[in-house]
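**Student:** Contents are mmCIF, C-alpha atoms; file name protein_27.cif:
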data_protein
loop_
_atom_site.label_atom_id
_atom_site.label_comp_id
_atom_site.auth_asym_id
_atom_site.auth_seq_id
_atom_site.Cartn_x
_atom_site.Cartn_y
_atom_site.Cartn_z
CA MET W 30 -23.67 -6.79 -6.08
CA SER W 31 -26.52 -6.43 -8.60
CA THR W 32 -26.14 -4.37 -11.76
CA ASP W 33 -28.62 -1.89 -10.25
CA ASP W 34 -26.43 -1.53 -7.14
CA ALA W 35 -23.31 -1.09 -9.29
CA ASP W 36 -25.10 1.54 -11.41
CA ASP W 37 -26.27 3.33 -8.25
CA LEU W 38 -22.61 3.66 -7.21
CA ILE W 39 -21.58 4.92 -10.66
CA PHE W 40 -24.27 7.60 -10.87
CA LYS W 41 -23.76 8.60 -7.24
CA ALA W 42 -20.05 9.04 -8.01
CA LEU W 43 -20.78 11.04 -11.18
CA GLY W 44 -23.44 13.10 -9.36
CA HIS W 45 -20.83 15.37 -7.75
CA ARG W 46 -19.19 18.08 -9.84
CA ILE W 47 -15.84 17.83 -8.04
CA ARG W 48 -15.67 14.12 -8.81
CA ARG W 49 -16.55 14.80 -12.46
CA ARG W 50 -13.68 17.32 -12.59
CA MET W 51 -11.35 14.76 -11.05
CA LEU W 52 -12.21 12.37 -13.88
CA ASP W 53 -11.58 15.23 -16.33
CA ALA W 54 -8.13 15.65 -14.77
CA LEU W 55 -7.44 11.91 -15.13
CA LYS W 56 -8.57 11.76 -18.75
CA ALA W 57 -5.17 12.97 -19.95
CA GLY W 58 -3.42 10.21 -18.00
CA PRO W 59 -2.99 8.75 -14.49
CA ALA W 60 -2.05 11.09 -11.65
CA THR W 61 -0.78 10.66 -8.11
CA THR W 62 -3.02 11.69 -5.24
CA GLY W 63 -0.52 14.49 -4.54
CA THR W 64 -0.90 15.85 -8.07
CA LEU W 65 -4.69 15.77 -7.72
CA CYS W 66 -4.48 17.62 -4.40
CA ALA W 67 -2.41 20.30 -6.14
CA ALA W 68 -4.99 20.49 -8.96
CA PHE W 69 -7.79 21.06 -6.41
CA PRO W 70 -6.26 23.55 -3.97
CA GLU W 71 -9.69 24.43 -2.57
CA LEU W 72 -9.94 20.92 -1.07
CA ASP W 73 -7.89 19.43 1.75
CA ARG W 74 -6.12 16.11 1.19
CA CYS W 75 -8.68 14.21 3.24
CA THR W 76 -11.57 15.45 1.04
CA VAL W 77 -9.66 14.59 -2.15
CA MET W 78 -9.10 11.06 -0.82
CA GLN W 79 -12.78 10.70 0.12
CA HIS W 80 -13.83 11.66 -3.41
CA LEU W 81 -11.26 9.24 -4.85
CA GLY W 82 -12.70 6.53 -2.59
CA VAL W 83 -16.20 7.09 -4.01
CA LEU W 84 -14.83 6.99 -7.57
CA GLU W 85 -12.87 3.82 -6.80
CA GLU W 86 -15.89 2.12 -5.24
CA ALA W 87 -17.82 2.86 -8.44
CA GLY W 88 -15.02 1.41 -10.58
CA LEU W 89 -14.35 4.73 -12.29
CA VAL W 90 -10.88 5.09 -10.80
CA VAL W 91 -8.40 2.26 -10.37
CA PRO W 92 -5.58 2.93 -7.89
CA GLU W 93 -2.08 1.59 -8.38
CA ARG W 94 0.52 1.64 -5.62
CA ARG W 95 4.07 2.50 -6.68
CA GLY W 96 6.27 2.70 -3.60
CA ARG W 97 4.82 5.41 -1.41
CA GLU W 98 2.74 6.90 -4.21
CA ARG W 99 -0.78 6.11 -5.22
CA TRP W 100 -1.39 6.53 -8.95
CA ASN W 101 -5.02 7.02 -9.94
CA HIS W 102 -6.15 5.73 -13.33
CA LEU W 103 -9.44 6.57 -15.03
CA ASP W 104 -11.35 3.43 -15.99
CA ALA W 105 -13.65 4.46 -18.81
CA LEU W 106 -15.48 1.12 -19.08
CA PRO W 107 -18.42 2.14 -16.84
CA VAL W 108 -18.80 5.29 -18.97
CA HIS W 109 -18.75 3.16 -22.09
CA ALA W 110 -21.42 0.90 -20.55
CA ILE W 111 -23.73 3.91 -20.05
CA HIS W 112 -23.37 4.74 -23.74
CA GLU W 113 -23.96 1.11 -24.77
CA ARG W 114 -27.08 0.89 -22.61
CA TRP W 115 -29.00 3.79 -24.15
CA ILE W 116 -27.33 4.40 -27.47
CA GLY W 117 -25.68 1.19 -28.59
CA PRO W 118 -23.33 0.71 -31.53
CA TYR W 119 -25.93 1.24 -34.25
CA ALA W 120 -27.17 4.63 -33.08
CA ALA W 121 -23.69 5.87 -32.10
CA TYR W 122 -22.98 7.34 -35.53
CA ALA W 123 -26.27 9.26 -35.60
CA ALA W 124 -25.73 10.53 -32.03
CA SER W 125 -22.25 11.65 -32.99
CA MET W 126 -23.54 13.58 -36.01
CA LEU W 127 -26.33 15.22 -33.97
CA SER W 128 -23.88 16.18 -31.26
CA ARG W 129 -21.55 17.78 -33.81
CA LEU W 130 -24.47 19.67 -35.35
CA LYS W 131 -25.50 20.93 -31.90
CA HIS W 132 -21.95 22.20 -31.19
CA GLU W 133 -21.86 23.96 -34.58
CA MET W 134 -25.18 25.64 -33.90
CA GLU W 135 -24.13 26.74 -30.43
CA ARG W 136 -20.89 28.16 -31.82
CA SER W 137 -22.73 30.21 -34.45
CA GLU W 138 -25.27 31.63 -31.98
CA MET N 16 -27.96 27.26 -16.25
CA SER N 17 -24.27 26.31 -16.04
CA THR N 18 -22.95 23.06 -17.51
CA ASP N 19 -22.33 21.86 -13.95
CA ASP N 20 -25.97 22.53 -13.05
CA ALA N 21 -27.16 20.76 -16.20
CA ASP N 22 -24.89 17.78 -15.43
CA ASP N 23 -26.17 17.69 -11.84
CA LEU N 24 -29.70 17.28 -13.24
CA ILE N 25 -28.60 14.54 -15.65
CA PHE N 26 -26.79 12.45 -13.01
CA LYS N 27 -29.55 13.02 -10.47
CA ALA N 28 -32.04 11.73 -13.05
CA LEU N 29 -29.85 8.71 -13.89
CA GLY N 30 -29.20 8.05 -10.20
CA HIS N 31 -32.56 6.32 -9.72
CA ARG N 32 -32.97 2.75 -10.99
CA ILE N 33 -36.64 3.22 -11.93
CA ARG N 34 -35.74 6.19 -14.12
CA ARG N 35 -32.94 4.17 -15.73
CA ARG N 36 -35.49 1.44 -16.49
CA MET N 37 -37.85 4.01 -17.98
CA LEU N 38 -35.09 5.08 -20.36
CA ASP N 39 -34.53 1.39 -21.19
CA ALA N 40 -38.23 1.16 -22.05
CA LEU N 41 -37.97 4.24 -24.30
CA LYS N 42 -34.86 3.03 -26.11
CA ALA N 43 -36.99 0.92 -28.47
CA GLY N 44 -39.12 3.95 -29.38
CA PRO N 45 -41.33 6.67 -27.91
CA ALA N 46 -44.17 5.63 -25.58
CA THR N 47 -47.25 7.31 -24.16
CA THR N 48 -47.39 7.95 -20.45
CA GLY N 49 -50.21 5.38 -20.30
CA THR N 50 -47.98 2.71 -21.88
CA LEU N 51 -45.21 3.51 -19.38
CA CYS N 52 -47.67 3.22 -16.49
CA ALA N 53 -48.65 -0.23 -17.77
CA ALA N 54 -44.96 -1.19 -18.03
CA PHE N 55 -44.41 -0.19 -14.38
CA PRO N 56 -47.48 -1.64 -12.61
CA GLU N 57 -45.79 -1.30 -9.21
CA LEU N 58 -45.96 2.52 -9.54
CA ASP N 59 -49.04 4.72 -9.52
CA ARG N 60 -49.56 7.18 -12.36
CA CYS N 61 -48.51 10.13 -10.23
CA THR N 62 -45.13 8.54 -9.42
CA VAL N 63 -44.54 7.68 -13.09
CA MET N 64 -45.26 11.30 -14.02
CA GLN N 65 -42.90 12.58 -11.31
CA HIS N 66 -40.08 10.39 -12.64
CA LEU N 67 -40.83 11.54 -16.20
CA GLY N 68 -40.67 15.13 -14.93
CA VAL N 69 -37.16 14.58 -13.52
CA LEU N 70 -36.05 12.96 -16.80
CA GLU N 71 -37.57 15.82 -18.81
CA GLU N 72 -35.89 18.46 -16.64
CA ALA N 73 -32.56 16.73 -17.31
CA GLY N 74 -33.23 16.70 -21.06
CA LEU N 75 -33.22 12.90 -21.21
CA VAL N 76 -36.89 12.68 -22.16
CA VAL N 77 -38.65 15.01 -24.58
CA PRO N 78 -42.45 15.06 -24.35
CA GLU N 79 -44.65 15.50 -27.39
CA ARG N 80 -48.37 16.22 -27.10
CA ARG N 81 -50.63 14.46 -29.60
CA GLY N 82 -54.24 15.27 -28.79
CA ARG N 83 -54.88 13.98 -25.29
CA GLU N 84 -51.79 11.77 -25.27
CA ARG N 85 -48.29 12.61 -24.14
CA TRP N 86 -45.62 10.75 -26.09
CA ASN N 87 -42.27 10.44 -24.34
CA HIS N 88 -39.13 10.34 -26.48
CA LEU N 89 -35.67 9.36 -25.26
CA ASP N 90 -33.10 12.05 -26.08
CA ALA N 91 -29.76 10.29 -26.15
CA LEU N 92 -27.67 13.45 -26.62
CA PRO N 93 -26.88 13.93 -22.89
CA VAL N 94 -25.77 10.27 -22.76
CA HIS N 95 -23.59 10.85 -25.78
CA ALA N 96 -22.09 13.93 -24.09
CA ILE N 97 -21.06 11.80 -21.06
CA HIS N 98 -19.23 9.46 -23.42
CA GLU N 99 -17.59 12.34 -25.28
CA ARG N 100 -16.45 13.94 -22.04
CA TRP N 101 -14.47 10.99 -20.68
CA ILE N 102 -13.84 8.79 -23.67
CA GLY N 103 -13.96 10.95 -26.78
CA PRO N 104 -13.95 9.75 -30.38
CA TYR N 105 -10.34 8.52 -30.41
CA ALA N 106 -10.59 6.17 -27.44
CA ALA N 107 -14.08 4.93 -28.36
CA TYR N 108 -12.80 2.06 -30.48
CA ALA N 109 -10.47 0.82 -27.72
CA ALA N 110 -13.25 1.12 -25.11
CA SER N 111 -15.54 -0.84 -27.41
CA MET N 112 -13.00 -3.64 -27.81
CA LEU N 113 -12.33 -3.80 -24.06
CA SER N 114 -16.03 -3.90 -23.33
CA ARG N 115 -16.53 -6.78 -25.79
CA LEU N 116 -13.62 -8.67 -24.24
CA LYS N 117 -15.10 -8.17 -20.78
CA HIS N 118 -18.49 -9.55 -21.93
CA GLU N 119 -16.75 -12.57 -23.52
CA MET N 120 -14.83 -13.30 -20.34
CA GLU N 121 -17.95 -12.98 -18.18
CA ARG N 122 -19.82 -15.34 -20.51
CA SER N 123 -17.08 -17.99 -20.30
CA GLU N 124 -16.86 -17.84 -16.49
#
As structure tokens, please, write out the structure in this file.

**Tutor:**
Amino acid sequence: MSTDDADDLIFKALGHRIRRRMLDALKAGPATTGTLCAAFPELDRCTVMQHLGVLEEAGLVVPERRGRERWNHLDALPVHAIHERWIGPYAAYAASMLSRLKHEMERSE
Amino acid sequence: MSTDDADDLIFKALGHRIRRRMLDALKAGPATTGTLCAAFPELDRCTVMQHLGVLEEAGLVVPERRGRERWNHLDALPVHAIHERWIGPYAAYAASMLSRLKHEMERSE
């Protein structure tokens, strides 16, 4: 698979707000598919598993089988690669400062 | 516009490989639309401007008019926000180390 194809999968996966919220839920730590279903009661189990499949295909979620449970881990490396591609280590500090300034300004509005 | 709507625009913009390459081209510094057209000879001017429009709508490119020229600037803040959302400042160092290790391993394969 080319880098372009891999990136297509990543941005397709991140293009859906439910999948972004699933990654938010996994940021704190890995979760079983059952736990994720409980966190998204508006979705049936089949839909949750489809979304997890898209995230897994993109390499954003890594599944781990433990007995009958499937534990879903967030893999942040593709997210880090996005940052490296357009910001890079040298501009990271400046971006960080600008971002903080923006938050401060929004808070004081 | 909600954050979800804004994020939809960002990931839609990043979902196209030509637009990702345009951001690559702007990473080194701002460029006029004419320069970008020359960098993407396979696209006609109208298509380049459409892609720039999608990037601008997402806040990834900020246009600046200078006389008859339009200078396109990369705005890395949305990219930084993606990183902050799923990695955050505390895990950034670990992600950086893992990413370097991955590159090293790929190079030695």

**Student:** Could you write out as a PDB file with C-alpha atoms, keeping the file's coordinate frame the residues of chain N within 6 Å of chain W, counting all atoms listed in the file?

**Tutor:**
ATOM      1  CA  ASP N  23     -26.170  17.690 -11.840  1.00  0.00           C
ATOM      2  CA  PHE N  26     -26.790  12.450 -13.010  1.00  0.00           C
ATOM      3  CA  GLY N  30     -29.200   8.050 -10.200  1.00  0.00           C
TER       4      GLY N  30
END

**Student:** Calculate how many Å separate CA of Glu135 (chain W) from CA of Val77 (chain N), rounding to one decimal.

**Tutor:**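 Those two atoms sit 19.6 Å apart.
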
**Student:** Could you jot down the CA of Leu67 (chain N) to CA of Arg34 (chain N) separation for me, Å, one decimal place?

**Tutor:** 7.7 Å

**Student:** Output chain N as a PDB file with C-alpha atoms, in the frame of the given file, after least-squares fitting it to chain W on all in-order C-alpha pairs.

**Tutor:**
ATOM      1  CA  MET N  16     -23.651  -6.810  -6.081  1.00  0.00           C
ATOM      2  CA  SER N  17     -26.508  -6.442  -8.584  1.00  0.00           C
ATOM      3  CA  THR N  18     -26.146  -4.363 -11.747  1.00  0.00           C
ATOM      4  CA  ASP N  19     -28.612  -1.885 -10.238  1.00  0.00           C
ATOM      5  CA  ASP N  20     -26.426  -1.542  -7.137  1.00  0.00           C
ATOM      6  CA  ALA N  21     -23.313  -1.105  -9.279  1.00  0.00           C
ATOM      7  CA  ASP N  22     -25.095   1.532 -11.400  1.00  0.00           C
ATOM      8  CA  ASP N  23     -26.268   3.324  -8.246  1.00  0.00           C
ATOM      9  CA  LEU N  24     -22.605   3.645  -7.215  1.00  0.00           C
ATOM     10  CA  ILE N  25     -21.577   4.907 -10.662  1.00  0.00           C
ATOM     11  CA  PHE N  26     -24.274   7.608 -10.870  1.00  0.00           C
ATOM     12  CA  LYS N  27     -23.757   8.596  -7.243  1.00  0.00           C
ATOM     13  CA  ALA N  28     -20.051   9.045  -8.010  1.00  0.00           C
ATOM     14  CA  LEU N  29     -20.785  11.051 -11.181  1.00  0.00           C
ATOM     15  CA  GLY N  30     -23.435  13.097  -9.374  1.00  0.00           C
ATOM     16  CA  HIS N  31     -20.847  15.364  -7.740  1.00  0.00           C
ATOM     17  CA  ARG N  32     -19.210  18.081  -9.853  1.00  0.00           C
ATOM     18  CA  ILE N  33     -15.851  17.831  -8.055  1.00  0.00           C
ATOM     19  CA  ARG N  34     -15.673  14.115  -8.820  1.00  0.00           C
ATOM     20  CA  ARG N  35     -16.567  14.808 -12.458  1.00  0.00           C
ATOM     21  CA  ARG N  36     -13.702  17.321 -12.572  1.00  0.00           C
ATOM     22  CA  MET N  37     -11.349  14.761 -11.054  1.00  0.00           C
ATOM     23  CA  LEU N  38     -12.214  12.375 -13.880  1.00  0.00           C
ATOM     24  CA  ASP N  39     -11.583  15.235 -16.337  1.00  0.00           C
ATOM     25  CA  ALA N  40      -8.142  15.649 -14.763  1.00  0.00           C
ATOM     26  CA  LEU N  41      -7.446  11.908 -15.133  1.00  0.00           C
ATOM     27  CA  LYS N  42      -8.583  11.746 -18.752  1.00  0.00           C
ATOM     28  CA  ALA N  43      -5.166  12.965 -19.935  1.00  0.00           C
ATOM     29  CA  GLY N  44      -3.416  10.202 -17.972  1.00  0.00           C
ATOM     30  CA  PRO N  45      -3.004   8.734 -14.491  1.00  0.00           C
ATOM     31  CA  ALA N  46      -2.050  11.084 -11.638  1.00  0.00           C
ATOM     32  CA  THR N  47      -0.771  10.658  -8.101  1.00  0.00           C
ATOM     33  CA  THR N  48      -3.017  11.672  -5.251  1.00  0.00           C
ATOM     34  CA  GLY N  49      -0.520  14.467  -4.522  1.00  0.00           C
ATOM     35  CA  THR N  50      -0.888  15.842  -8.068  1.00  0.00           C
ATOM     36  CA  LEU N  51      -4.689  15.754  -7.733  1.00  0.00           C
ATOM     37  CA  CYS N  52      -4.486  17.612  -4.417  1.00  0.00           C
ATOM     38  CA  ALA N  53      -2.418  20.305  -6.139  1.00  0.00           C
ATOM     39  CA  ALA N  54      -4.988  20.484  -8.962  1.00  0.00           C
ATOM     40  CA  PHE N  55      -7.789  21.045  -6.420  1.00  0.00           C
ATOM     41  CA  PRO N  56      -6.253  23.561  -3.977  1.00  0.00           C
ATOM     42  CA  GLU N  57      -9.690  24.430  -2.574  1.00  0.00           C
ATOM     43  CA  LEU N  58      -9.939  20.904  -1.079  1.00  0.00           C
ATOM     44  CA  ASP N  59      -7.888  19.423   1.736  1.00  0.00           C
ATOM     45  CA  ARG N  60      -6.131  16.107   1.182  1.00  0.00           C
ATOM     46  CA  CYS N  61      -8.694  14.208   3.222  1.00  0.00           C
ATOM     47  CA  THR N  62     -11.577  15.448   1.040  1.00  0.00           C
ATOM     48  CA  VAL N  63      -9.673  14.577  -2.149  1.00  0.00           C
ATOM     49  CA  MET N  64      -9.098  11.062  -0.808  1.00  0.00           C
ATOM     50  CA  GLN N  65     -12.780  10.697   0.121  1.00  0.00           C
ATOM     51  CA  HIS N  66     -13.834  11.657  -3.413  1.00  0.00           C
ATOM     52  CA  LEU N  67     -11.259   9.244  -4.865  1.00  0.00           C
ATOM     53  CA  GLY N  68     -12.704   6.547  -2.592  1.00  0.00           C
ATOM     54  CA  VAL N  69     -16.212   7.091  -4.009  1.00  0.00           C
ATOM     55  CA  LEU N  70     -14.834   6.984  -7.574  1.00  0.00           C
ATOM     56  CA  GLU N  71     -12.864   3.816  -6.793  1.00  0.00           C
ATOM     57  CA  GLU N  72     -15.895   2.113  -5.240  1.00  0.00           C
ATOM     58  CA  ALA N  73     -17.817   2.862  -8.445  1.00  0.00           C
ATOM     59  CA  GLY N  74     -15.009   1.410 -10.572  1.00  0.00           C
ATOM     60  CA  LEU N  75     -14.346   4.741 -12.284  1.00  0.00           C
ATOM     61  CA  VAL N  76     -10.876   5.103 -10.785  1.00  0.00           C
ATOM     62  CA  VAL N  77      -8.389   2.273 -10.358  1.00  0.00           C
ATOM     63  CA  PRO N  78      -5.577   2.912  -7.873  1.00  0.00           C
ATOM     64  CA  GLU N  79      -2.081   1.576  -8.394  1.00  0.00           C
ATOM     65  CA  ARG N  80       0.530   1.630  -5.633  1.00  0.00           C
ATOM     66  CA  ARG N  81       4.080   2.497  -6.684  1.00  0.00           C
ATOM     67  CA  GLY N  82       6.275   2.672  -3.603  1.00  0.00           C
ATOM     68  CA  ARG N  83       4.842   5.400  -1.405  1.00  0.00           C
ATOM     69  CA  GLU N  84       2.760   6.906  -4.204  1.00  0.00           C
ATOM     70  CA  ARG N  85      -0.782   6.091  -5.217  1.00  0.00           C
ATOM     71  CA  TRP N  86      -1.392   6.518  -8.936  1.00  0.00           C
ATOM     72  CA  ASN N  87      -5.018   7.016  -9.927  1.00  0.00           C
ATOM     73  CA  HIS N  88      -6.147   5.718 -13.317  1.00  0.00           C
ATOM     74  CA  LEU N  89      -9.434   6.574 -15.014  1.00  0.00           C
ATOM     75  CA  ASP N  90     -11.348   3.428 -15.991  1.00  0.00           C
ATOM     76  CA  ALA N  91     -13.638   4.455 -18.812  1.00  0.00           C
ATOM     77  CA  LEU N  92     -15.462   1.110 -19.063  1.00  0.00           C
ATOM     78  CA  PRO N  93     -18.420   2.133 -16.833  1.00  0.00           C
ATOM     79  CA  VAL N  94     -18.805   5.286 -18.966  1.00  0.00           C
ATOM     80  CA  HIS N  95     -18.754   3.158 -22.077  1.00  0.00           C
ATOM     81  CA  ALA N  96     -21.421   0.887 -20.551  1.00  0.00           C
ATOM     82  CA  ILE N  97     -23.741   3.909 -20.040  1.00  0.00           C
ATOM     83  CA  HIS N  98     -23.374   4.722 -23.727  1.00  0.00           C
ATOM     84  CA  GLU N  99     -23.959   1.111 -24.758  1.00  0.00           C
ATOM     85  CA  ARG N 100     -27.062   0.871 -22.597  1.00  0.00           C
ATOM     86  CA  TRP N 101     -28.982   3.775 -24.132  1.00  0.00           C
ATOM     87  CA  ILE N 102     -27.318   4.382 -27.455  1.00  0.00           C
ATOM     88  CA  GLY N 103     -25.662   1.159 -28.560  1.00  0.00           C
ATOM     89  CA  PRO N 104     -23.297   0.712 -31.494  1.00  0.00           C
ATOM     90  CA  TYR N 105     -25.903   1.240 -34.228  1.00  0.00           C
ATOM     91  CA  ALA N 106     -27.156   4.631 -33.072  1.00  0.00           C
ATOM     92  CA  ALA N 107     -23.689   5.890 -32.093  1.00  0.00           C
ATOM     93  CA  TYR N 108     -22.959   7.363 -35.509  1.00  0.00           C
ATOM     94  CA  ALA N 109     -26.263   9.275 -35.593  1.00  0.00           C
ATOM     95  CA  ALA N 110     -25.732  10.537 -32.022  1.00  0.00           C
ATOM     96  CA  SER N 111     -22.250  11.672 -33.004  1.00  0.00           C
ATOM     97  CA  MET N 112     -23.558  13.612 -36.000  1.00  0.00           C
ATOM     98  CA  LEU N 113     -26.336  15.233 -33.953  1.00  0.00           C
ATOM     99  CA  SER N 114     -23.883  16.202 -31.256  1.00  0.00           C
ATOM    100  CA  ARG N 115     -21.558  17.815 -33.823  1.00  0.00           C
ATOM    101  CA  LEU N 116     -24.479  19.708 -35.348  1.00  0.00           C
ATOM    102  CA  LYS N 117     -25.508  20.949 -31.910  1.00  0.00           C
ATOM    103  CA  HIS N 118     -21.957  22.220 -31.206  1.00  0.00           C
ATOM    104  CA  GLU N 119     -21.885  23.979 -34.609  1.00  0.00           C
ATOM    105  CA  MET N 120     -25.203  25.676 -33.946  1.00  0.00           C
ATOM    106  CA  GLU N 121     -24.136  26.783 -30.462  1.00  0.00           C
ATOM    107  CA  ARG N 122     -20.902  28.198 -31.889  1.00  0.00           C
ATOM    108  CA  SER N 123     -22.760  30.231 -34.533  1.00  0.00           C
ATOM    109  CA  GLU N 124     -25.272  31.670 -32.041  1.00  0.00           C
TER     110      GLU N 124
END

**Student:** Just the number, please: distance in Å from CA of Asn87 (chain N) to CA of Ser137 (chain W), one decimal.

**Tutor:** 29.6 Å
